[in-house]
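Enquirer: Sharing structure_30.tsv (TSV, C-alpha atoms and all ligand atoms) below.
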```
chain	number	residue	atom	x	y	z
A	61	MET	CA	-125.08	87.53	82.30
A	62	THR	CA	-123.38	88.16	78.96
A	63	ASP	CA	-120.22	86.57	77.70
A	64	ALA	CA	-117.13	88.50	76.58
A	65	PRO	CA	-116.48	89.55	72.96
A	66	THR	CA	-114.72	86.81	71.00
A	67	ARG	CA	-112.71	86.39	67.82
A	68	LEU	CA	-114.87	85.88	64.75
A	69	GLU	CA	-113.79	82.27	64.30
A	70	GLN	CA	-115.02	81.51	67.81
A	71	ALA	CA	-118.15	83.63	67.65
A	72	GLN	CA	-121.37	82.53	69.17
A	73	ALA	CA	-124.70	84.29	69.35
A	74	LEU	CA	-125.73	86.50	72.24
A	75	SER	CA	-127.49	85.05	75.27
A	76	PRO	CA	-131.27	84.75	74.71
A	77	ASP	CA	-131.79	86.38	78.13
A	78	VAL	CA	-131.10	89.86	76.75
A	79	TYR	CA	-133.97	89.55	74.23
A	80	LEU	CA	-136.59	89.20	76.89
A	81	GLY	CA	-138.03	91.03	79.87
A	82	GLU	CA	-138.84	94.53	80.96
A	83	ASP	CA	-135.47	95.01	82.73
A	84	TRP	CA	-133.41	94.43	79.59
A	85	HIS	CA	-135.82	96.54	77.54
A	86	ARG	CA	-135.36	99.42	79.97
A	87	PHE	CA	-131.60	98.90	80.01
A	88	ASP	CA	-131.40	98.99	76.20
A	89	GLN	CA	-133.58	102.09	75.99
A	90	LYS	CA	-131.48	103.97	78.53
A	91	ASN	CA	-127.95	102.82	77.75
A	92	ILE	CA	-127.98	101.87	74.07
A	93	LEU	CA	-130.92	103.34	72.16
A	94	SER	CA	-131.02	106.78	73.85
A	95	THR	CA	-127.31	107.35	73.60
A	96	GLY	CA	-126.73	106.08	70.06
A	97	TRP	CA	-126.77	108.40	67.06
A	98	GLN	CA	-129.73	107.49	64.85
A	99	ILE	CA	-131.57	108.76	61.83
A	100	VAL	CA	-134.71	110.68	62.77
A	101	GLY	CA	-135.87	112.06	59.41
A	102	PRO	CA	-134.97	113.78	56.18
A	103	SER	CA	-133.44	117.27	56.29
A	104	ALA	CA	-136.25	118.23	53.89
A	105	HIS	CA	-138.67	118.00	56.83
A	106	VAL	CA	-136.80	120.73	58.67
A	107	ALA	CA	-135.66	122.87	55.74
A	108	GLN	CA	-137.11	126.24	56.87
A	109	SER	CA	-137.26	128.25	60.07
A	110	GLY	CA	-139.81	126.76	62.48
A	111	ASP	CA	-140.04	123.40	60.68
A	112	HIS	CA	-139.91	120.68	63.31
A	113	ILE	CA	-140.01	116.93	63.80
A	114	VAL	CA	-141.20	115.07	66.89
A	115	ARG	CA	-139.84	111.63	67.73
A	116	GLU	CA	-138.92	109.32	70.58
A	117	ILE	CA	-135.31	108.27	71.02
A	118	GLY	CA	-134.89	105.36	73.41
A	119	GLY	CA	-138.42	106.10	74.64
A	120	LYS	CA	-137.60	109.75	75.39
A	121	PRO	CA	-139.70	112.41	73.64
A	122	VAL	CA	-137.58	114.78	71.54
A	123	LEU	CA	-138.16	117.71	69.24
A	124	ILE	CA	-135.91	118.95	66.44
A	125	VAL	CA	-136.48	122.41	65.03
A	126	ARG	CA	-134.72	124.78	62.61
A	127	ASN	CA	-134.27	128.26	64.10
A	128	ALA	CA	-134.51	131.59	62.28
A	129	GLN	CA	-130.74	131.64	61.68
A	130	GLY	CA	-130.89	128.24	59.98
A	131	ARG	CA	-129.37	126.25	62.83
A	132	LEU	CA	-130.91	122.89	63.70
A	133	ASN	CA	-131.75	122.64	67.41
A	134	GLY	CA	-132.68	119.49	69.31
A	135	PHE	CA	-134.51	119.40	72.64
A	136	TYR	CA	-136.30	117.05	74.93
A	137	ASN	CA	-139.95	117.60	74.08
A	138	VAL	CA	-140.66	118.11	77.76
A	139	CYS	CA	-142.03	121.37	79.12
A	140	ARG	CA	-140.31	123.01	82.09
A	141	HIS	CA	-143.70	123.49	83.79
A	142	ARG	CA	-145.18	120.02	84.32
A	143	ALA	CA	-143.54	117.92	81.61
A	144	GLY	CA	-146.15	118.51	78.91
A	145	PRO	CA	-145.37	118.10	75.20
A	146	VAL	CA	-144.04	121.27	73.62
A	147	ALA	CA	-145.03	119.94	70.18
A	148	LEU	CA	-147.47	117.11	69.45
A	149	CYS	CA	-146.46	116.28	65.89
A	150	ASP	CA	-144.25	117.32	62.99
A	151	GLY	CA	-144.97	120.79	61.67
A	152	LYS	CA	-143.85	123.60	59.41
A	153	GLY	CA	-142.98	127.24	59.89
A	154	ALA	CA	-143.71	127.62	63.61
A	155	LYS	CA	-142.80	131.07	64.93
A	156	ARG	CA	-142.59	129.69	68.46
A	157	LEU	CA	-143.29	126.52	70.39
A	158	ARG	CA	-146.39	126.49	72.57
A	159	CYS	CA	-146.76	123.72	75.11
A	160	ALA	CA	-149.87	121.64	74.44
A	161	TYR	CA	-150.74	121.41	78.16
A	162	HIS	CA	-151.00	124.93	79.69
A	163	GLY	CA	-149.60	127.02	76.88
A	164	TRP	CA	-146.17	128.13	78.06
A	165	ILE	CA	-144.29	129.48	75.06
A	166	TYR	CA	-140.67	128.88	74.00
A	167	ASP	CA	-138.70	130.41	71.16
A	168	LEU	CA	-137.04	128.26	68.48
A	169	ASP	CA	-133.85	128.14	70.59
A	170	GLY	CA	-135.79	126.54	73.43
A	171	GLN	CA	-135.78	129.63	75.64
A	172	LEU	CA	-138.93	130.06	77.76
A	173	LYS	CA	-140.58	133.35	76.79
A	174	ILE	CA	-144.21	133.53	77.96
A	175	THR	CA	-145.82	131.93	81.02
A	176	PRO	CA	-149.54	132.80	81.36
A	177	GLN	CA	-150.87	133.53	84.85
A	178	MET	CA	-147.61	133.00	86.65
A	179	ASP	CA	-147.34	136.63	87.85
A	180	ARG	CA	-147.91	135.78	91.53
A	181	ALA	CA	-145.26	133.05	91.56
A	182	GLU	CA	-142.38	134.22	93.72
A	183	ASN	CA	-138.73	133.70	92.76
A	184	PHE	CA	-139.82	132.51	89.34
A	185	ASP	CA	-137.60	133.61	86.46
A	186	PRO	CA	-138.66	132.33	83.02
A	187	ALA	CA	-135.42	133.72	81.56
A	188	ALA	CA	-133.53	131.08	83.55
A	189	LEU	CA	-135.53	128.24	81.99
A	190	SER	CA	-135.08	126.61	78.62
A	191	LEU	CA	-135.76	123.22	77.09
A	192	PRO	CA	-133.00	120.68	77.82
A	193	PRO	CA	-130.93	120.20	74.63
A	194	ILE	CA	-130.06	117.01	72.77
A	195	ASP	CA	-127.39	116.51	70.09
A	196	VAL	CA	-128.35	116.78	66.42
A	197	ALA	CA	-126.38	116.59	63.18
A	198	GLU	CA	-127.02	116.45	59.44
A	199	TRP	CA	-125.41	114.10	56.92
A	200	SER	CA	-126.29	113.57	53.25
A	201	GLY	CA	-129.72	115.22	53.56
A	202	MET	CA	-130.68	113.29	56.69
A	203	VAL	CA	-131.06	114.34	60.31
A	204	PHE	CA	-129.37	112.31	63.05
A	205	ALA	CA	-129.88	112.76	66.78
A	206	ARG	CA	-129.29	111.15	70.14
A	207	ALA	CA	-130.63	111.77	73.64
A	208	GLY	CA	-127.56	111.08	75.76
A	209	SER	CA	-123.79	111.26	75.62
A	210	GLY	CA	-121.13	109.25	73.81
A	211	PRO	CA	-118.88	109.63	70.77
A	212	GLY	CA	-119.37	112.86	68.85
A	213	PHE	CA	-120.96	112.88	65.41
A	214	ASP	CA	-117.56	113.49	63.74
A	215	GLU	CA	-116.58	109.94	64.66
A	216	ILE	CA	-119.89	108.60	63.32
A	217	ARG	CA	-119.62	110.71	60.16
A	218	ALA	CA	-116.20	109.24	59.35
A	219	ASP	CA	-117.64	105.72	59.59
A	220	LEU	CA	-120.71	106.63	57.53
A	221	ASP	CA	-118.61	108.26	54.80
A	222	ARG	CA	-116.64	105.06	54.55
A	223	VAL	CA	-119.53	102.58	54.35
A	224	ALA	CA	-121.92	104.87	52.45
A	225	PRO	CA	-119.76	107.03	50.17
A	226	PRO	CA	-121.51	110.40	49.67
A	227	ALA	CA	-121.50	109.84	45.88
A	228	CYS	CA	-124.02	107.01	46.40
A	229	LEU	CA	-126.43	109.46	48.05
A	230	ASP	CA	-125.74	112.45	45.85
A	231	GLY	CA	-128.92	114.18	44.64
A	232	ILE	CA	-131.39	111.85	46.35
A	233	VAL	CA	-134.69	113.44	47.40
A	234	TYR	CA	-137.01	112.32	50.20
A	235	HIS	CA	-140.16	110.62	48.89
A	236	HIS	CA	-142.26	108.92	51.59
A	237	THR	CA	-142.22	107.04	54.91
A	238	ARG	CA	-143.94	103.87	56.12
A	239	ALA	CA	-143.79	102.05	59.45
A	240	TYR	CA	-143.91	98.32	60.14
A	241	GLU	CA	-144.68	96.68	63.49
A	242	VAL	CA	-142.79	93.51	64.31
A	243	ASP	CA	-143.61	91.34	67.34
A	244	ALA	CA	-139.98	90.79	68.24
A	245	ASN	CA	-137.27	92.41	70.32
A	246	TRP	CA	-135.48	95.21	68.42
A	247	LYS	CA	-132.21	93.24	68.55
A	248	THR	CA	-133.86	90.24	66.88
A	249	TYR	CA	-134.76	92.51	63.97
A	250	VAL	CA	-131.26	94.03	63.78
A	251	ASP	CA	-129.55	90.61	63.98
A	252	ASN	CA	-131.66	89.47	61.03
A	253	TYR	CA	-130.81	92.58	59.01
A	254	LEU	CA	-127.11	92.03	59.52
A	255	GLU	CA	-126.73	88.83	57.55
A	256	GLY	CA	-127.53	87.67	54.06
A	257	TYR	CA	-127.17	84.06	55.20
A	258	HIS	CA	-130.96	83.77	55.43
A	259	VAL	CA	-131.68	85.35	52.04
A	260	PRO	CA	-131.68	82.14	49.93
A	261	VAL	CA	-133.91	80.43	52.52
A	262	VAL	CA	-136.32	83.19	53.52
A	263	HIS	CA	-136.46	85.55	50.50
A	264	ALA	CA	-136.88	83.70	47.21
A	265	GLY	CA	-137.75	86.91	45.35
A	266	LEU	CA	-134.87	88.95	46.74
A	267	ASN	CA	-132.46	86.09	46.22
A	268	ALA	CA	-133.13	86.23	42.49
A	269	LEU	CA	-132.01	89.87	42.37
A	270	ILE	CA	-128.68	89.79	44.17
A	271	GLU	CA	-125.52	87.84	43.59
A	272	TYR	CA	-125.40	86.15	46.93
A	273	ASP	CA	-122.13	84.37	46.12
A	274	VAL	CA	-120.23	87.63	46.00
A	275	TYR	CA	-121.74	89.17	49.10
A	276	ASP	CA	-119.07	91.30	50.75
A	277	ILE	CA	-119.01	92.55	54.37
A	278	GLU	CA	-116.95	95.43	55.76
A	279	LEU	CA	-116.84	96.47	59.41
A	280	THR	CA	-115.85	99.82	60.95
A	281	ARG	CA	-115.95	100.96	64.58
A	282	TRP	CA	-119.68	101.85	64.63
A	283	ALA	CA	-120.96	100.64	61.29
A	284	SER	CA	-121.02	97.71	58.90
A	285	VAL	CA	-121.88	97.29	55.25
A	286	GLN	CA	-123.00	94.23	53.33
A	287	SER	CA	-122.67	94.78	49.61
A	288	SER	CA	-123.67	92.73	46.61
A	289	PRO	CA	-123.98	93.27	42.84
A	290	MET	CA	-127.57	93.66	41.59
A	291	THR	CA	-128.59	91.42	38.74
A	292	ASP	CA	-132.12	92.51	37.80
A	293	PRO	CA	-131.95	95.57	35.54
A	294	ASP	CA	-135.74	95.77	35.47
A	295	LEU	CA	-136.60	96.17	39.15
A	296	TYR	CA	-133.40	97.26	40.81
A	297	GLY	CA	-131.17	98.33	37.95
A	298	THR	CA	-127.60	97.23	37.62
A	299	GLY	CA	-124.97	98.32	40.09
A	300	GLU	CA	-124.38	97.54	43.69
A	301	ALA	CA	-126.71	97.12	46.66
A	302	ARG	CA	-125.16	98.38	49.91
A	303	TYR	CA	-126.86	97.46	53.18
A	304	VAL	CA	-125.38	99.84	55.70
A	305	PHE	CA	-125.92	99.53	59.45
A	306	LEU	CA	-125.07	102.23	61.97
A	307	TYR	CA	-125.03	101.02	65.55
A	308	PRO	CA	-127.38	100.78	67.34
A	309	ASN	CA	-130.55	101.00	65.20
A	310	THR	CA	-130.10	102.80	61.85
A	311	MET	CA	-129.96	101.17	58.42
A	312	LEU	CA	-129.44	102.60	54.95
A	313	ASN	CA	-130.32	100.36	52.02
A	314	ILE	CA	-128.54	101.96	49.09
A	315	LEU	CA	-129.63	100.77	45.65
A	316	PRO	CA	-128.96	102.27	42.23
A	317	GLY	CA	-130.83	105.62	42.15
A	318	ARG	CA	-132.50	105.27	45.53
A	319	VAL	CA	-132.03	104.85	49.24
A	320	GLN	CA	-134.27	103.45	51.97
A	321	THR	CA	-133.48	104.36	55.54
A	322	ASN	CA	-134.71	102.37	58.53
A	323	ARG	CA	-134.82	103.20	62.20
A	324	VAL	CA	-135.69	100.37	64.57
A	325	VAL	CA	-137.70	101.72	67.51
A	326	ALA	CA	-138.05	99.47	70.55
A	327	ILE	CA	-141.60	99.54	71.88
A	328	SER	CA	-141.35	96.74	74.45
A	329	ASP	CA	-139.15	93.70	74.98
A	330	ARG	CA	-141.30	91.87	72.40
A	331	LYS	CA	-142.26	94.62	69.98
A	332	CYS	CA	-140.47	97.05	67.69
A	333	VAL	CA	-141.55	99.44	64.96
A	334	VAL	CA	-139.36	99.89	61.90
A	335	GLU	CA	-139.63	103.31	60.26
A	336	PHE	CA	-138.89	103.08	56.51
A	337	SER	CA	-138.17	106.27	54.56
A	338	TYR	CA	-137.66	106.24	50.78
A	339	TYR	CA	-135.46	108.63	48.85
A	340	TYR	CA	-135.06	108.77	45.04
A	341	ARG	CA	-132.78	110.44	42.59
A	342	PRO	CA	-134.92	112.76	40.41
A	343	GLY	CA	-136.41	110.76	37.54
A	344	GLU	CA	-136.42	107.50	39.52
A	345	GLU	CA	-139.59	108.20	41.55
A	346	ALA	CA	-141.76	106.19	39.16
A	347	LYS	CA	-140.26	103.11	40.76
A	348	ALA	CA	-141.78	103.99	44.15
A	349	ASP	CA	-144.96	101.90	43.84
A	350	ARG	CA	-143.11	98.78	42.74
A	351	ASP	CA	-140.44	99.33	45.39
A	352	ASP	CA	-143.18	99.60	48.01
A	353	ALA	CA	-144.79	96.36	46.89
A	354	PHE	CA	-141.47	94.55	46.79
A	355	SER	CA	-140.42	95.93	50.21
A	356	GLU	CA	-143.75	94.80	51.58
A	357	GLU	CA	-143.02	91.26	50.39
A	358	VAL	CA	-139.46	91.19	51.81
A	359	GLN	CA	-140.55	92.89	55.02
A	360	GLY	CA	-143.37	90.36	55.45
A	361	GLU	CA	-140.85	87.53	55.15
A	362	ASP	CA	-138.48	89.18	57.64
A	363	ARG	CA	-141.32	89.89	60.05
A	364	MET	CA	-142.43	86.25	59.93
A	365	ILE	CA	-138.96	84.88	60.59
A	366	CYS	CA	-138.12	87.44	63.32
A	367	GLU	CA	-141.36	86.67	65.16
A	368	ARG	CA	-140.60	82.95	65.02
A	369	VAL	CA	-137.01	83.54	66.19
A	370	GLN	CA	-138.31	85.64	69.09
A	371	LYS	CA	-140.47	82.69	70.18
A	372	GLY	CA	-137.41	80.47	69.91
A	373	LEU	CA	-135.32	82.83	72.03
A	374	GLU	CA	-138.07	82.88	74.66
A	375	SER	CA	-138.57	79.11	74.66
A	376	GLY	CA	-136.08	78.26	77.37
A	377	ALA	CA	-134.81	75.58	74.98
A	378	TYR	CA	-132.18	77.71	73.26
A	379	THR	CA	-128.54	78.10	74.22
A	380	PRO	CA	-126.39	80.45	72.09
A	381	GLY	CA	-125.41	78.87	68.78
A	382	ARG	CA	-122.23	79.32	66.73
A	383	LEU	CA	-122.07	82.01	64.04
A	384	SER	CA	-120.81	81.58	60.48
A	385	PRO	CA	-117.51	83.50	60.22
A	386	SER	CA	-118.02	84.09	56.50
A	387	GLN	CA	-121.72	85.05	56.65
A	388	GLU	CA	-122.39	86.55	60.07
A	389	SER	CA	-119.46	88.85	60.80
A	390	ALA	CA	-121.78	91.89	60.92
A	391	VAL	CA	-123.97	90.07	63.50
A	392	TRP	CA	-120.82	89.30	65.52
A	393	HIS	CA	-119.78	92.97	65.26
A	394	PHE	CA	-123.19	94.24	66.45
A	395	GLN	CA	-123.40	91.73	69.27
A	396	ASN	CA	-119.86	92.59	70.42
A	397	LEU	CA	-120.82	96.27	70.62
A	398	LEU	CA	-123.81	95.23	72.74
A	399	ARG	CA	-121.61	92.99	74.89
A	400	ARG	CA	-119.30	95.91	75.66
A	401	THR	CA	-122.18	98.01	76.93
A	402	TYR	CA	-123.64	95.13	78.91
A	403	ALA	CA	-120.22	94.41	80.45
A	404	THR	CA	-119.75	98.07	81.43
A	405	ALA	CA	-123.11	98.01	83.17
A	406	GLU	CA	-122.27	94.81	85.02
A	407	ASN	CA	-118.97	96.30	86.20
A	408	GLN	CA	-120.87	99.25	87.67
A	409	ASP	CA	-123.22	97.01	89.67
A	501	LIG	S1	-146.74	121.46	81.14
A	501	LIG	FE1	-146.24	122.89	79.63
A	501	LIG	S2	-147.37	124.62	80.12
A	501	LIG	FE2	-147.85	123.20	81.68
A	502	FE	FE	-134.28	89.41	55.44
```
For this file, write the structure as structure tokens.
Ligand code: FES
Ligand SMILES: [Fe+2]
Expert:
Amino acid sequence: MTDAPTRLEQAQALSPDVYLGEDWHRFDQKNILSTGWQIVGPSAHVAQSGDHIVREIGGKPVLIVRNAQGRLNGFYNVCRHRAGPVALCDGKGAKRLRCAYHGWIYDLDGQLKITPQMDRAENFDPAALSLPPIDVAEWSGMVFARAGSGPGFDEIRADLDRVAPPACLDGIVYHHTRAYEVDANWKTYVDNYLEGYHVPVVHAGLNALIEYDVYDIELTRWASVQSSPMTDPDLYGTGEARYVFLYPNTMLNILPGRVQTNRVVAISDRKCVVEFSYYYRPGEEAKADRDDAFSEEVQGEDRMICERVQKGLESGAYTPGRLSPSQESAVWHFQNLLRRTYATAENQD
């Protein structure tokens, strides 16, 4: 179904087949999006004991909570009784976690503590039951998680430190989050993020702010970074823009004095939601309204082109095209990581 990874100079785009259909959507959710480390929120949301965030990772409900000793715990948000949600939404300062279905109660380490009206159940030992754990980690004031197995976060951290040097993120403070729906496969959105090739054609406003000619791309094992000098001291300040991608679905847009993070959440084969969170260095927050308006413009342009590309991929008229070695190496890198997973799955069939 998918071709083998190639050298950059011979690169061609991924088969359109993998951007379409419930089977590929389910495959991606299970084997790529569940198992990949991804940003799930700011550490500020889980700063104190009992603070928790509720998300889906690869379609699986998860819950991340700080315990009384300050450790961050991650669990499937799936009750050991009949799979109810242990938490319905983000919250602060919970003393315990009470399932929203029949009220079984867990402590902040996921241990089942109280089970109303279960006294006649034979051979039932609540002490033997706890919420299934997931992996969580913190990096530069952000929480990362995954719901599956794969490389440990140390390997991811090394790549992140390289493409997003901690000095760039020093002192940034979480500000707000927005979400955008895009009627396209999640990979269509990621492909588009990973090249600046389209910027002069699709984003007239953005193109005026960056020095496209000196766009630089660096690739690591799990991440890539596209960087470019900023030229508009009014809106973006002077300095460097770094567009960091962490496989499979996390992005960090690092601009002078602020950072936007994105997580691309696959909803169906033809729909994704992009969660945008904004962080500012103290004193820079006044730029938030203008940043929002400008992001809205750029995001609208990306949404339009991704939705059109999705139609093109679905048309039956498209066969994979060649990639630009100088402009699309990060697309090639992402698609080769996908190809490896797809090939592994095919070998298991
Ligand atoms: S499903 Fe959680 S208490 Fe019943
Ligand atoms: Fe774009």
Enquirer: Determine, counting all atoms listed in the file, which protein, DNA and RNA residues have an atom within 7 Å of an atom of Tyr303 (chain A); residues of the same chain fewer than 4 positions away are not included. Present the result as a ChimeraX atom specification.
Expert: /A:285-287,312-314
Enquirer: With only C-alpha atoms and all ligand atoms counted and 6 Å as the cut-off, give the residues of chain A in contact with ligand FE 502 (chain A), each with its shortest interatomic distance in Å and the pair that gives it, as a Markdown table.
Expert:
```
| residue | atom | partner | partner_atom | distance |
| --- | --- | --- | --- | --- |
| A:Tyr253 | CA | A:FE502 | FE | 5.9 |
| A:Val259 | CA | A:FE502 | FE | 5.9 |
| A:Asp362 | CA | A:FE502 | FE | 4.7 |
```
Enquirer: Rank A:Pro186, A:Gly208, A:Gly81, A:Gly101 by their smallest atom-to-atom distance to ligand LIG 501 (chain A), using all atoms listed in the file, and report the top residue only.
Expert: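 Smallest separation from ligand LIG 501 (chain A) among the options: A:Pro186.
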Enquirer: From the options A:Ala353, A:Ile270, A:Ala143, A:Leu157, which residue's atoms come nearest to ligand LIG 501 (chain A), counting all atoms listed in the file?
Expert: A:Ala143
Enquirer: What does the list of residues within 7 Å of ligand LIG 501 (chain A) look like if you count all atoms listed in the file, written as an MDAnalysis selection string?
Expert: chainID A and resid 139:146 159:164
Enquirer: Could you state the separation of CA of Ser94 (chain A) and CA of Arg67 (chain A) in Å, given to one decimal place?
Expert: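 Rounded to one decimal, the two atoms are 28.1 Å apart.
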Enquirer: If I take CA of Lys247 (chain A) and CA of Tyr79 (chain A), how far is one from the other in Å, to one decimal?
Expert: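 Calculated distance between CA of Lys247 (chain A) and CA of Tyr79 (chain A) is 7.0 Å.
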Enquirer: Since the input lacks some atoms of region 194-215 of chain A, please model N, CA and C atoms and print them as a short mmCIF file (atom, residue, chain, number, x, y, z; two decimals), keeping the file's coordinate frame.
Expert:
```cif
data_model
loop_
_atom_site.label_atom_id
_atom_site.label_comp_id
_atom_site.auth_asym_id
_atom_site.auth_seq_id
_atom_site.Cartn_x
_atom_site.Cartn_y
_atom_site.Cartn_z
N ILE A 194 -130.67 118.29 73.19
CA ILE A 194 -130.06 117.01 72.77
C ILE A 194 -129.15 117.31 71.57
N ASP A 195 -128.32 116.33 71.21
CA ASP A 195 -127.39 116.51 70.09
C ASP A 195 -128.08 116.19 68.77
N VAL A 196 -127.85 117.04 67.77
CA VAL A 196 -128.35 116.78 66.42
C VAL A 196 -127.25 117.03 65.42
N ALA A 197 -127.36 116.40 64.25
CA ALA A 197 -126.38 116.59 63.18
C ALA A 197 -127.07 116.27 61.86
N GLU A 198 -126.50 116.78 60.76
CA GLU A 198 -127.02 116.45 59.44
C GLU A 198 -125.93 115.79 58.62
N TRP A 199 -126.34 114.82 57.80
CA TRP A 199 -125.41 114.10 56.92
C TRP A 199 -126.17 113.65 55.69
N SER A 200 -125.68 114.01 54.52
CA SER A 200 -126.29 113.57 53.25
C SER A 200 -127.81 113.76 53.19
N GLY A 201 -128.28 114.93 53.66
CA GLY A 201 -129.72 115.22 53.56
C GLY A 201 -130.57 114.49 54.57
N MET A 202 -129.94 114.00 55.65
CA MET A 202 -130.68 113.29 56.69
C MET A 202 -130.31 113.86 58.06
N VAL A 203 -131.28 113.82 58.96
CA VAL A 203 -131.06 114.34 60.31
C VAL A 203 -130.78 113.18 61.26
N PHE A 204 -129.73 113.30 62.02
CA PHE A 204 -129.37 112.31 63.05
C PHE A 204 -129.46 112.98 64.42
N ALA A 205 -129.79 112.20 65.43
CA ALA A 205 -129.88 112.76 66.78
C ALA A 205 -129.61 111.67 67.79
N ARG A 206 -129.37 112.09 69.02
CA ARG A 206 -129.29 111.15 70.14
C ARG A 206 -129.69 111.90 71.41
N ALA A 207 -130.18 111.15 72.39
CA ALA A 207 -130.63 111.77 73.64
C ALA A 207 -129.77 111.22 74.77
N GLY A 208 -128.50 111.56 74.75
CA GLY A 208 -127.56 111.08 75.76
C GLY A 208 -126.16 111.46 75.32
N SER A 209 -125.16 110.89 75.98
CA SER A 209 -123.79 111.26 75.62
C SER A 209 -123.04 110.04 75.09
N GLY A 210 -121.93 110.31 74.42
CA GLY A 210 -121.13 109.25 73.81
C GLY A 210 -120.23 109.87 72.77
N PRO A 211 -119.77 109.07 71.79
CA PRO A 211 -118.88 109.63 70.77
C PRO A 211 -119.58 110.74 69.98
N GLY A 212 -118.80 111.75 69.60
CA GLY A 212 -119.37 112.86 68.85
C GLY A 212 -119.73 112.44 67.44
N PHE A 213 -120.51 113.28 66.75
CA PHE A 213 -120.96 112.88 65.41
C PHE A 213 -119.79 112.83 64.42
N ASP A 214 -118.71 113.54 64.66
CA ASP A 214 -117.56 113.49 63.74
C ASP A 214 -117.05 112.06 63.59
N GLU A 215 -117.03 111.33 64.69
CA GLU A 215 -116.58 109.94 64.66
C GLU A 215 -117.56 109.08 63.85
#
```
